[in-house]
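File shown here: final39.pdb, holding PDB, N, CA and C atoms, pLDDT in the B column.
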```pdb
MODEL        1
ATOM      1  N   MET P   1      12.077 -27.656  11.828  1.00 75.00           N
ATOM      2  CA  MET P   1      11.836 -26.912  10.618  1.00 75.00           C
ATOM      3  C   MET P   1      13.171 -26.360  10.120  1.00 75.00           C
ATOM      4  N   GLU P   2      13.349 -26.439   8.846  1.00 90.00           N
ATOM      5  CA  GLU P   2      14.588 -25.943   8.264  1.00 90.00           C
ATOM      6  C   GLU P   2      14.596 -24.424   8.230  1.00 90.00           C
ATOM      7  N   LEU P   3      15.789 -23.871   8.121  1.00 87.00           N
ATOM      8  CA  LEU P   3      15.935 -22.422   8.097  1.00 87.00           C
ATOM      9  C   LEU P   3      15.312 -21.818   6.840  1.00 87.00           C
ATOM     10  N   ASP P   4      15.451 -22.500   5.714  1.00 87.00           N
ATOM     11  CA  ASP P   4      14.863 -21.970   4.472  1.00 87.00           C
ATOM     12  C   ASP P   4      13.336 -21.930   4.543  1.00 87.00           C
ATOM     13  N   ALA P   5      12.747 -22.942   5.142  1.00 91.00           N
ATOM     14  CA  ALA P   5      11.292 -22.956   5.276  1.00 91.00           C
ATOM     15  C   ALA P   5      10.826 -21.828   6.192  1.00 91.00           C
ATOM     16  N   ALA P   6      11.561 -21.588   7.270  1.00 90.00           N
ATOM     17  CA  ALA P   6      11.202 -20.495   8.174  1.00 90.00           C
ATOM     18  C   ALA P   6      11.344 -19.147   7.484  1.00 90.00           C
ATOM     19  N   ARG P   7      12.346 -19.003   6.638  1.00 91.00           N
ATOM     20  CA  ARG P   7      12.509 -17.753   5.890  1.00 91.00           C
ATOM     21  C   ARG P   7      11.349 -17.524   4.937  1.00 91.00           C
ATOM     22  N   MET P   8      10.931 -18.567   4.253  1.00 92.00           N
ATOM     23  CA  MET P   8       9.816 -18.426   3.317  1.00 92.00           C
ATOM     24  C   MET P   8       8.523 -18.069   4.046  1.00 92.00           C
ATOM     25  N   ILE P   9       8.288 -18.698   5.188  1.00 92.00           N
ATOM     26  CA  ILE P   9       7.093 -18.386   5.966  1.00 92.00           C
ATOM     27  C   ILE P   9       7.149 -16.948   6.475  1.00 92.00           C
ATOM     28  N   GLY P  10       8.306 -16.515   6.941  1.00 90.00           N
ATOM     29  CA  GLY P  10       8.461 -15.140   7.419  1.00 90.00           C
ATOM     30  C   GLY P  10       8.254 -14.115   6.319  1.00 90.00           C
ATOM     31  N   ALA P  11       8.777 -14.395   5.131  1.00 91.00           N
ATOM     32  CA  ALA P  11       8.581 -13.473   4.008  1.00 91.00           C
ATOM     33  C   ALA P  11       7.114 -13.429   3.586  1.00 91.00           C
ATOM     34  N   GLY P  12       6.452 -14.562   3.626  1.00 91.00           N
ATOM     35  CA  GLY P  12       5.027 -14.586   3.310  1.00 91.00           C
ATOM     36  C   GLY P  12       4.204 -13.804   4.323  1.00 91.00           C
ATOM     37  N   LEU P  13       4.556 -13.915   5.587  1.00 90.00           N
ATOM     38  CA  LEU P  13       3.846 -13.144   6.610  1.00 90.00           C
ATOM     39  C   LEU P  13       4.111 -11.649   6.476  1.00 90.00           C
ATOM     40  N   ALA P  14       5.316 -11.283   6.036  1.00 88.00           N
ATOM     41  CA  ALA P  14       5.635  -9.862   5.867  1.00 88.00           C
ATOM     42  C   ALA P  14       4.868  -9.250   4.708  1.00 88.00           C
ATOM     43  N   THR P  15       4.487 -10.056   3.738  1.00 90.00           N
ATOM     44  CA  THR P  15       3.761  -9.510   2.580  1.00 90.00           C
ATOM     45  C   THR P  15       2.252  -9.449   2.792  1.00 90.00           C
ATOM     46  N   ILE P  16       1.775  -9.861   3.955  1.00 90.00           N
ATOM     47  CA  ILE P  16       0.346  -9.753   4.246  1.00 90.00           C
ATOM     48  C   ILE P  16      -0.080  -8.284   4.235  1.00 90.00           C
ATOM     49  N   ALA P  17       0.838  -7.390   4.582  1.00 86.00           N
ATOM     50  CA  ALA P  17       0.517  -5.954   4.586  1.00 86.00           C
ATOM     51  C   ALA P  17       0.156  -5.450   3.195  1.00 86.00           C
ATOM     52  N   LEU P  18       0.569  -6.153   2.158  1.00 90.00           N
ATOM     53  CA  LEU P  18       0.270  -5.700   0.801  1.00 90.00           C
ATOM     54  C   LEU P  18      -1.222  -5.785   0.485  1.00 90.00           C
ATOM     55  N   PHE P  19      -1.950  -6.656   1.158  1.00 93.00           N
ATOM     56  CA  PHE P  19      -3.401  -6.690   0.969  1.00 93.00           C
ATOM     57  C   PHE P  19      -4.026  -5.384   1.456  1.00 93.00           C
ATOM     58  N   GLY P  20      -3.567  -4.901   2.594  1.00 92.00           N
ATOM     59  CA  GLY P  20      -4.058  -3.634   3.111  1.00 92.00           C
ATOM     60  C   GLY P  20      -3.680  -2.462   2.231  1.00 92.00           C
ATOM     61  N   VAL P  21      -2.498  -2.550   1.630  1.00 93.00           N
ATOM     62  CA  VAL P  21      -2.057  -1.491   0.722  1.00 93.00           C
ATOM     63  C   VAL P  21      -2.961  -1.431  -0.503  1.00 93.00           C
ATOM     64  N   GLY P  22      -3.295  -2.570  -1.058  1.00 93.00           N
ATOM     65  CA  GLY P  22      -4.191  -2.600  -2.214  1.00 93.00           C
ATOM     66  C   GLY P  22      -5.569  -2.057  -1.881  1.00 93.00           C
ATOM     67  N   ILE P  23      -6.074  -2.406  -0.725  1.00 95.00           N
ATOM     68  CA  ILE P  23      -7.378  -1.889  -0.300  1.00 95.00           C
ATOM     69  C   ILE P  23      -7.300  -0.385  -0.065  1.00 95.00           C
ATOM     70  N   GLY P  24      -6.206   0.069   0.536  1.00 94.00           N
ATOM     71  CA  GLY P  24      -6.052   1.495   0.812  1.00 94.00           C
ATOM     72  C   GLY P  24      -5.960   2.331  -0.452  1.00 94.00           C
ATOM     73  N   ILE P  25      -5.203   1.863  -1.433  1.00 95.00           N
ATOM     74  CA  ILE P  25      -5.080   2.599  -2.697  1.00 95.00           C
ATOM     75  C   ILE P  25      -6.425   2.640  -3.419  1.00 95.00           C
ATOM     76  N   GLY P  26      -7.123   1.536  -3.430  1.00 95.00           N
ATOM     77  CA  GLY P  26      -8.445   1.517  -4.048  1.00 95.00           C
ATOM     78  C   GLY P  26      -9.414   2.448  -3.344  1.00 95.00           C
ATOM     79  N   ASN P  27      -9.329   2.498  -2.025  1.00 96.00           N
ATOM     80  CA  ASN P  27     -10.207   3.370  -1.256  1.00 96.00           C
ATOM     81  C   ASN P  27      -9.902   4.843  -1.526  1.00 96.00           C
ATOM     82  N   ILE P  28      -8.636   5.194  -1.597  1.00 96.00           N
ATOM     83  CA  ILE P  28      -8.250   6.581  -1.845  1.00 96.00           C
ATOM     84  C   ILE P  28      -8.775   7.051  -3.191  1.00 96.00           C
ATOM     85  N   PHE P  29      -8.526   6.281  -4.232  1.00 96.00           N
ATOM     86  CA  PHE P  29      -8.909   6.737  -5.561  1.00 96.00           C
ATOM     87  C   PHE P  29     -10.408   6.597  -5.821  1.00 96.00           C
ATOM     88  N   SER P  30     -11.072   5.651  -5.178  1.00 96.00           N
ATOM     89  CA  SER P  30     -12.524   5.583  -5.342  1.00 96.00           C
ATOM     90  C   SER P  30     -13.199   6.779  -4.679  1.00 96.00           C
ATOM     91  N   ASN P  31     -12.681   7.182  -3.528  1.00 96.00           N
ATOM     92  CA  ASN P  31     -13.230   8.378  -2.888  1.00 96.00           C
ATOM     93  C   ASN P  31     -12.909   9.635  -3.684  1.00 96.00           C
ATOM     94  N   LEU P  32     -11.736   9.678  -4.305  1.00 96.00           N
ATOM     95  CA  LEU P  32     -11.392  10.822  -5.151  1.00 96.00           C
ATOM     96  C   LEU P  32     -12.352  10.921  -6.338  1.00 96.00           C
ATOM     97  N   ILE P  33     -12.617   9.807  -6.988  1.00 97.00           N
ATOM     98  CA  ILE P  33     -13.522   9.802  -8.132  1.00 97.00           C
ATOM     99  C   ILE P  33     -14.937  10.181  -7.704  1.00 97.00           C
ATOM    100  N   ALA P  34     -15.378   9.681  -6.555  1.00 97.00           N
ATOM    101  CA  ALA P  34     -16.717  10.022  -6.081  1.00 97.00           C
ATOM    102  C   ALA P  34     -16.814  11.503  -5.728  1.00 97.00           C
ATOM    103  N   THR P  35     -15.775  12.037  -5.121  1.00 96.00           N
ATOM    104  CA  THR P  35     -15.794  13.455  -4.745  1.00 96.00           C
ATOM    105  C   THR P  35     -15.800  14.353  -5.968  1.00 96.00           C
ATOM    106  N   VAL P  36     -14.945  14.049  -6.933  1.00 96.00           N
ATOM    107  CA  VAL P  36     -14.887  14.868  -8.143  1.00 96.00           C
ATOM    108  C   VAL P  36     -16.159  14.674  -8.976  1.00 96.00           C
ATOM    109  N   GLY P  37     -16.742  13.508  -8.922  1.00 96.00           N
ATOM    110  CA  GLY P  37     -17.985  13.280  -9.631  1.00 96.00           C
ATOM    111  C   GLY P  37     -19.138  14.093  -9.067  1.00 96.00           C
ATOM    112  N   ARG P  38     -19.136  14.288  -7.754  1.00 96.00           N
ATOM    113  CA  ARG P  38     -20.199  15.080  -7.134  1.00 96.00           C
ATOM    114  C   ARG P  38     -19.994  16.574  -7.342  1.00 96.00           C
ATOM    115  N   ASN P  39     -18.740  17.008  -7.238  1.00 95.00           N
ATOM    116  CA  ASN P  39     -18.457  18.440  -7.340  1.00 95.00           C
ATOM    117  C   ASN P  39     -17.139  18.625  -8.087  1.00 95.00           C
ATOM    118  N   PRO P  40     -17.166  18.758  -9.403  1.00 95.00           N
ATOM    119  CA  PRO P  40     -15.939  18.843 -10.192  1.00 95.00           C
ATOM    120  C   PRO P  40     -15.075  20.070  -9.885  1.00 95.00           C
ATOM    121  N   SER P  41     -15.642  21.085  -9.287  1.00 95.00           N
ATOM    122  CA  SER P  41     -14.856  22.296  -9.022  1.00 95.00           C
ATOM    123  C   SER P  41     -13.843  22.113  -7.892  1.00 95.00           C
ATOM    124  N   VAL P  42     -13.958  21.061  -7.099  1.00 96.00           N
ATOM    125  CA  VAL P  42     -13.021  20.849  -5.997  1.00 96.00           C
ATOM    126  C   VAL P  42     -11.831  19.969  -6.392  1.00 96.00           C
ATOM    127  N   GLN P  43     -11.726  19.629  -7.667  1.00 95.00           N
ATOM    128  CA  GLN P  43     -10.656  18.728  -8.091  1.00 95.00           C
ATOM    129  C   GLN P  43      -9.274  19.291  -7.785  1.00 95.00           C
ATOM    130  N   GLN P  44      -9.081  20.586  -7.998  1.00 95.00           N
ATOM    131  CA  GLN P  44      -7.778  21.195  -7.769  1.00 95.00           C
ATOM    132  C   GLN P  44      -7.387  21.182  -6.292  1.00 95.00           C
ATOM    133  N   ARG P  45      -8.368  21.168  -5.399  1.00 96.00           N
ATOM    134  CA  ARG P  45      -8.065  21.144  -3.963  1.00 96.00           C
ATOM    135  C   ARG P  45      -7.925  19.732  -3.433  1.00 96.00           C
ATOM    136  N   VAL P  46      -8.625  18.775  -4.003  1.00 96.00           N
ATOM    137  CA  VAL P  46      -8.663  17.418  -3.457  1.00 96.00           C
ATOM    138  C   VAL P  46      -7.548  16.539  -4.019  1.00 96.00           C
ATOM    139  N   PHE P  47      -7.165  16.767  -5.269  1.00 96.00           N
ATOM    140  CA  PHE P  47      -6.194  15.889  -5.926  1.00 96.00           C
ATOM    141  C   PHE P  47      -4.841  15.828  -5.205  1.00 96.00           C
ATOM    142  N   PRO P  48      -4.267  16.948  -4.719  1.00 96.00           N
ATOM    143  CA  PRO P  48      -2.993  16.833  -3.988  1.00 96.00           C
ATOM    144  C   PRO P  48      -3.084  15.975  -2.730  1.00 96.00           C
ATOM    145  N   PHE P  49      -4.220  16.036  -2.042  1.00 96.00           N
ATOM    146  CA  PHE P  49      -4.389  15.194  -0.858  1.00 96.00           C
ATOM    147  C   PHE P  49      -4.448  13.717  -1.236  1.00 96.00           C
ATOM    148  N   ALA P  50      -5.057  13.422  -2.367  1.00 96.00           N
ATOM    149  CA  ALA P  50      -5.117  12.033  -2.835  1.00 96.00           C
ATOM    150  C   ALA P  50      -3.724  11.524  -3.186  1.00 96.00           C
ATOM    151  N   ILE P  51      -2.913  12.367  -3.799  1.00 96.00           N
ATOM    152  CA  ILE P  51      -1.552  11.945  -4.155  1.00 96.00           C
ATOM    153  C   ILE P  51      -0.707  11.743  -2.902  1.00 96.00           C
ATOM    154  N   ILE P  52      -0.869  12.610  -1.910  1.00 96.00           N
ATOM    155  CA  ILE P  52      -0.131  12.429  -0.646  1.00 96.00           C
ATOM    156  C   ILE P  52      -0.564  11.144   0.037  1.00 96.00           C
ATOM    157  N   GLY P  53      -1.870  10.872   0.057  1.00 95.00           N
ATOM    158  CA  GLY P  53      -2.359   9.625   0.648  1.00 95.00           C
ATOM    159  C   GLY P  53      -1.852   8.402  -0.099  1.00 95.00           C
ATOM    160  N   PHE P  54      -1.833   8.494  -1.433  1.00 96.00           N
ATOM    161  CA  PHE P  54      -1.302   7.399  -2.237  1.00 96.00           C
ATOM    162  C   PHE P  54       0.163   7.149  -1.912  1.00 96.00           C
ATOM    163  N   ALA P  55       0.942   8.217  -1.788  1.00 96.00           N
ATOM    164  CA  ALA P  55       2.370   8.067  -1.498  1.00 96.00           C
ATOM    165  C   ALA P  55       2.596   7.430  -0.127  1.00 96.00           C
ATOM    166  N   LEU P  56       1.810   7.827   0.845  1.00 95.00           N
ATOM    167  CA  LEU P  56       1.971   7.250   2.187  1.00 95.00           C
ATOM    168  C   LEU P  56       1.578   5.779   2.218  1.00 95.00           C
ATOM    169  N   VAL P  57       0.504   5.437   1.550  1.00 94.00           N
ATOM    170  CA  VAL P  57       0.073   4.039   1.516  1.00 94.00           C
ATOM    171  C   VAL P  57       1.081   3.198   0.736  1.00 94.00           C
ATOM    172  N   GLU P  58       1.581   3.746  -0.359  1.00 94.00           N
ATOM    173  CA  GLU P  58       2.568   3.016  -1.152  1.00 94.00           C
ATOM    174  C   GLU P  58       3.867   2.823  -0.377  1.00 94.00           C
ATOM    175  N   ALA P  59       4.215   3.781   0.478  1.00 95.00           N
ATOM    176  CA  ALA P  59       5.413   3.638   1.310  1.00 95.00           C
ATOM    177  C   ALA P  59       5.280   2.456   2.258  1.00 95.00           C
ATOM    178  N   VAL P  60       4.090   2.247   2.787  1.00 93.00           N
ATOM    179  CA  VAL P  60       3.869   1.083   3.652  1.00 93.00           C
ATOM    180  C   VAL P  60       4.095  -0.209   2.868  1.00 93.00           C
ATOM    181  N   GLY P  61       3.626  -0.240   1.632  1.00 92.00           N
ATOM    182  CA  GLY P  61       3.843  -1.413   0.784  1.00 92.00           C
ATOM    183  C   GLY P  61       5.320  -1.648   0.499  1.00 92.00           C
ATOM    184  N   LEU P  62       6.049  -0.572   0.245  1.00 94.00           N
ATOM    185  CA  LEU P  62       7.483  -0.719  -0.007  1.00 94.00           C
ATOM    186  C   LEU P  62       8.222  -1.188   1.243  1.00 94.00           C
ATOM    187  N   PHE P  63       7.804  -0.690   2.408  1.00 94.00           N
ATOM    188  CA  PHE P  63       8.425  -1.160   3.644  1.00 94.00           C
ATOM    189  C   PHE P  63       8.147  -2.644   3.867  1.00 94.00           C
ATOM    190  N   ALA P  64       6.940  -3.091   3.550  1.00 92.00           N
ATOM    191  CA  ALA P  64       6.611  -4.508   3.705  1.00 92.00           C
ATOM    192  C   ALA P  64       7.451  -5.367   2.763  1.00 92.00           C
ATOM    193  N   LEU P  65       7.630  -4.908   1.525  1.00 92.00           N
ATOM    194  CA  LEU P  65       8.482  -5.657   0.604  1.00 92.00           C
ATOM    195  C   LEU P  65       9.942  -5.644   1.049  1.00 92.00           C
ATOM    196  N   LEU P  66      10.381  -4.526   1.601  1.00 94.00           N
ATOM    197  CA  LEU P  66      11.745  -4.445   2.107  1.00 94.00           C
ATOM    198  C   LEU P  66      11.973  -5.456   3.227  1.00 94.00           C
ATOM    199  N   ILE P  67      11.034  -5.545   4.143  1.00 92.00           N
ATOM    200  CA  ILE P  67      11.153  -6.516   5.230  1.00 92.00           C
ATOM    201  C   ILE P  67      11.148  -7.942   4.689  1.00 92.00           C
ATOM    202  N   ALA P  68      10.286  -8.203   3.702  1.00 92.00           N
ATOM    203  CA  ALA P  68      10.247  -9.550   3.110  1.00 92.00           C
ATOM    204  C   ALA P  68      11.577  -9.893   2.450  1.00 92.00           C
ATOM    205  N   PHE P  69      12.154  -8.946   1.728  1.00 93.00           N
ATOM    206  CA  PHE P  69      13.441  -9.215   1.089  1.00 93.00           C
ATOM    207  C   PHE P  69      14.559  -9.356   2.110  1.00 93.00           C
ATOM    208  N   LEU P  70      14.492  -8.583   3.189  1.00 93.00           N
ATOM    209  CA  LEU P  70      15.500  -8.746   4.251  1.00 93.00           C
ATOM    210  C   LEU P  70      15.406 -10.110   4.904  1.00 93.00           C
ATOM    211  N   VAL P  71      14.187 -10.578   5.118  1.00 91.00           N
ATOM    212  CA  VAL P  71      14.001 -11.908   5.719  1.00 91.00           C
ATOM    213  C   VAL P  71      14.533 -12.981   4.780  1.00 91.00           C
ATOM    214  N   LEU P  72      14.297 -12.827   3.484  1.00 90.00           N
ATOM    215  CA  LEU P  72      14.710 -13.859   2.535  1.00 90.00           C
ATOM    216  C   LEU P  72      16.213 -13.882   2.273  1.00 90.00           C
ATOM    217  N   PHE P  73      16.814 -12.711   2.112  1.00 90.00           N
ATOM    218  CA  PHE P  73      18.173 -12.685   1.571  1.00 90.00           C
ATOM    219  C   PHE P  73      19.261 -12.243   2.541  1.00 90.00           C
ATOM    220  N   VAL P  74      18.909 -11.916   3.765  1.00 86.00           N
ATOM    221  CA  VAL P  74      19.958 -11.498   4.719  1.00 86.00           C
ATOM    222  C   VAL P  74      20.053 -12.490   5.841  1.00 86.00           C
TER     223      VAL P  74
ENDMDL
END
```
Can the structure in the file be given as structure tokens, please?
Amino acid sequence: MELDAARMIGAGLATIALFGVGIGIGNIFSNLIATVGRNPSVQQRVFPFAIIGFALVEAVGLFALLIAFLVLFV
């Protein structure tokens, strides 16, 4: 197998984590909408936790892209 083909396969495997990131972001915001829909008075308490969860999940996605780019270009 050529080195370029191995790099492409490695970068593709590194981006598999992005599927989990998409599911995680959807799960966070769907639960936020359901919670606020049931009890709108808790929005001020729940929204910061949703943003923190979004940031942590998005960080995992950025790390996965970073690894993919490192595999491809370094």
Written as a compact mmCIF listing (two decimals) with N, CA and C atoms, in the coordinates of the input, what is the full residue list that the PyMOL selection byres ((chain P and resi 68) around 7) yields on the file shown?
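Written output follows (selection02.txt):
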```txt
# COMPACT_ATOMS: atom_id res chain seq x y z
N GLY P 10 8.31 -16.52 6.94
CA GLY P 10 8.46 -15.14 7.42
C GLY P 10 8.25 -14.12 6.32
N ALA P 11 8.78 -14.40 5.13
CA ALA P 11 8.58 -13.47 4.01
C ALA P 11 7.11 -13.43 3.59
N GLY P 12 6.45 -14.56 3.63
CA GLY P 12 5.03 -14.59 3.31
C GLY P 12 4.20 -13.80 4.32
N ALA P 14 5.32 -11.28 6.04
CA ALA P 14 5.64 -9.86 5.87
C ALA P 14 4.87 -9.25 4.71
N THR P 15 4.49 -10.06 3.74
CA THR P 15 3.76 -9.51 2.58
C THR P 15 2.25 -9.45 2.79
N PHE P 63 7.80 -0.69 2.41
CA PHE P 63 8.43 -1.16 3.64
C PHE P 63 8.15 -2.64 3.87
N ALA P 64 6.94 -3.09 3.55
CA ALA P 64 6.61 -4.51 3.70
C ALA P 64 7.45 -5.37 2.76
N LEU P 65 7.63 -4.91 1.52
CA LEU P 65 8.48 -5.66 0.60
C LEU P 65 9.94 -5.64 1.05
N LEU P 66 10.38 -4.53 1.60
CA LEU P 66 11.74 -4.44 2.11
C LEU P 66 11.97 -5.46 3.23
N ILE P 67 11.03 -5.54 4.14
CA ILE P 67 11.15 -6.52 5.23
C ILE P 67 11.15 -7.94 4.69
N PHE P 69 12.15 -8.95 1.73
CA PHE P 69 13.44 -9.22 1.09
C PHE P 69 14.56 -9.36 2.11
N LEU P 70 14.49 -8.58 3.19
CA LEU P 70 15.50 -8.75 4.25
C LEU P 70 15.41 -10.11 4.90
N VAL P 71 14.19 -10.58 5.12
CA VAL P 71 14.00 -11.91 5.72
C VAL P 71 14.53 -12.98 4.78
N LEU P 72 14.30 -12.83 3.48
CA LEU P 72 14.71 -13.86 2.54
C LEU P 72 16.21 -13.88 2.27
N PHE P 73 16.81 -12.71 2.11
CA PHE P 73 18.17 -12.68 1.57
C PHE P 73 19.26 -12.24 2.54
```
Long-range neighbours of Phe54 of chain P as a PyMOL selection string, 9 Å cut-off, only C-alpha atoms, 2 positions minimum in chain: chain P and resi 24-25+28-29+49-52+56-59
What separation in Å, quoted to one decimal, exists between atom C of Gly61 of chain P and atom CA of Val36 of chain P?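 About the pair atom C of Gly61 of chain P and atom CA of Val36 of chain P: they are 27.5 Å apart.
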Find, counting only C-alpha atoms, the residue in P:Ala34, P:Ala55, P:Val74, P:Val60 that gets nearest to Gly20 of chain P.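 Closest to Gly20 of chain P of all the choices is P:Val60.
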Just how far from atom CA of Arg38 of chain P is atom CA of Phe19 of chain P, in Å to one decimal?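 The value is 28.7 Å.
Going from atom N of Phe47 of chain P to atom CA of Asn31 of chain P covers 10.6 Å.
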Would it be fine to have segment 18-44 of chain P, with N, CA and C atoms, given as a CSV table (one decimal), in the first residue's frame?
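Full text of decode36.csv as output:
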```
chain,number,residue,atom,x,y,z
P,18,LEU,N,-16.5,12.4,14.3
P,18,LEU,CA,-17.4,13.5,14.0
P,18,LEU,C,-18.9,13.0,13.9
P,19,PHE,N,-19.1,11.8,13.7
P,19,PHE,CA,-20.5,11.2,13.8
P,19,PHE,C,-21.0,11.3,15.2
P,20,GLY,N,-20.1,11.0,16.1
P,20,GLY,CA,-20.5,11.1,17.5
P,20,GLY,C,-20.7,12.5,18.0
P,21,VAL,N,-19.9,13.4,17.4
P,21,VAL,CA,-20.1,14.8,17.7
P,21,VAL,C,-21.4,15.3,17.3
P,22,GLY,N,-21.8,15.0,16.1
P,22,GLY,CA,-23.1,15.4,15.5
P,22,GLY,C,-24.3,14.9,16.4
P,23,ILE,N,-24.1,13.6,16.8
P,23,ILE,CA,-25.2,13.0,17.6
P,23,ILE,C,-25.2,13.7,19.0
P,24,GLY,N,-24.0,14.0,19.5
P,24,GLY,CA,-24.0,14.6,20.8
P,24,GLY,C,-24.6,16.0,20.8
P,25,ILE,N,-24.3,16.8,19.8
P,25,ILE,CA,-24.8,18.2,19.7
P,25,ILE,C,-26.3,18.1,19.6
P,26,GLY,N,-26.8,17.2,18.7
P,26,GLY,CA,-28.2,17.1,18.6
P,26,GLY,C,-28.9,16.7,19.9
P,27,ASN,N,-28.3,15.8,20.6
P,27,ASN,CA,-28.8,15.3,21.9
P,27,ASN,C,-28.9,16.4,22.9
P,28,ILE,N,-27.8,17.2,23.0
P,28,ILE,CA,-27.8,18.3,23.9
P,28,ILE,C,-28.9,19.3,23.7
P,29,PHE,N,-29.0,19.8,22.4
P,29,PHE,CA,-30.0,20.8,22.2
P,29,PHE,C,-31.4,20.3,22.1
P,30,SER,N,-31.6,19.0,21.8
P,30,SER,CA,-33.0,18.5,21.8
P,30,SER,C,-33.4,18.3,23.3
P,31,ASN,N,-32.5,17.9,24.2
P,31,ASN,CA,-32.9,17.9,25.6
P,31,ASN,C,-33.1,19.3,26.1
P,32,LEU,N,-32.4,20.3,25.7
P,32,LEU,CA,-32.6,21.6,26.1
P,32,LEU,C,-34.0,22.1,25.7
P,33,ILE,N,-34.3,21.9,24.5
P,33,ILE,CA,-35.6,22.3,24.0
P,33,ILE,C,-36.8,21.6,24.7
P,34,ALA,N,-36.6,20.3,25.0
P,34,ALA,CA,-37.6,19.6,25.7
P,34,ALA,C,-37.7,20.1,27.2
P,35,THR,N,-36.6,20.4,27.8
P,35,THR,CA,-36.7,20.9,29.2
P,35,THR,C,-37.3,22.2,29.2
P,36,VAL,N,-36.9,23.1,28.3
P,36,VAL,CA,-37.5,24.5,28.4
P,36,VAL,C,-39.0,24.4,27.9
P,37,GLY,N,-39.3,23.5,27.1
P,37,GLY,CA,-40.7,23.3,26.7
P,37,GLY,C,-41.6,22.9,27.8
P,38,ARG,N,-41.1,22.0,28.7
P,38,ARG,CA,-41.8,21.5,29.8
P,38,ARG,C,-41.9,22.6,30.9
P,39,ASN,N,-40.8,23.3,31.2
P,39,ASN,CA,-40.8,24.3,32.3
P,39,ASN,C,-40.0,25.5,31.8
P,40,PRO,N,-40.6,26.5,31.2
P,40,PRO,CA,-39.9,27.6,30.7
P,40,PRO,C,-39.2,28.4,31.8
P,41,SER,N,-39.5,28.3,33.0
P,41,SER,CA,-38.9,29.1,34.1
P,41,SER,C,-37.5,28.7,34.4
P,42,VAL,N,-37.1,27.5,33.9
P,42,VAL,CA,-35.7,27.0,34.2
P,42,VAL,C,-34.7,27.3,33.1
P,43,GLN,N,-35.1,28.1,32.1
P,43,GLN,CA,-34.3,28.4,31.0
P,43,GLN,C,-33.0,29.0,31.4
P,44,GLN,N,-33.1,30.0,32.4
P,44,GLN,CA,-31.9,30.7,32.8
P,44,GLN,C,-30.9,29.8,33.5
```
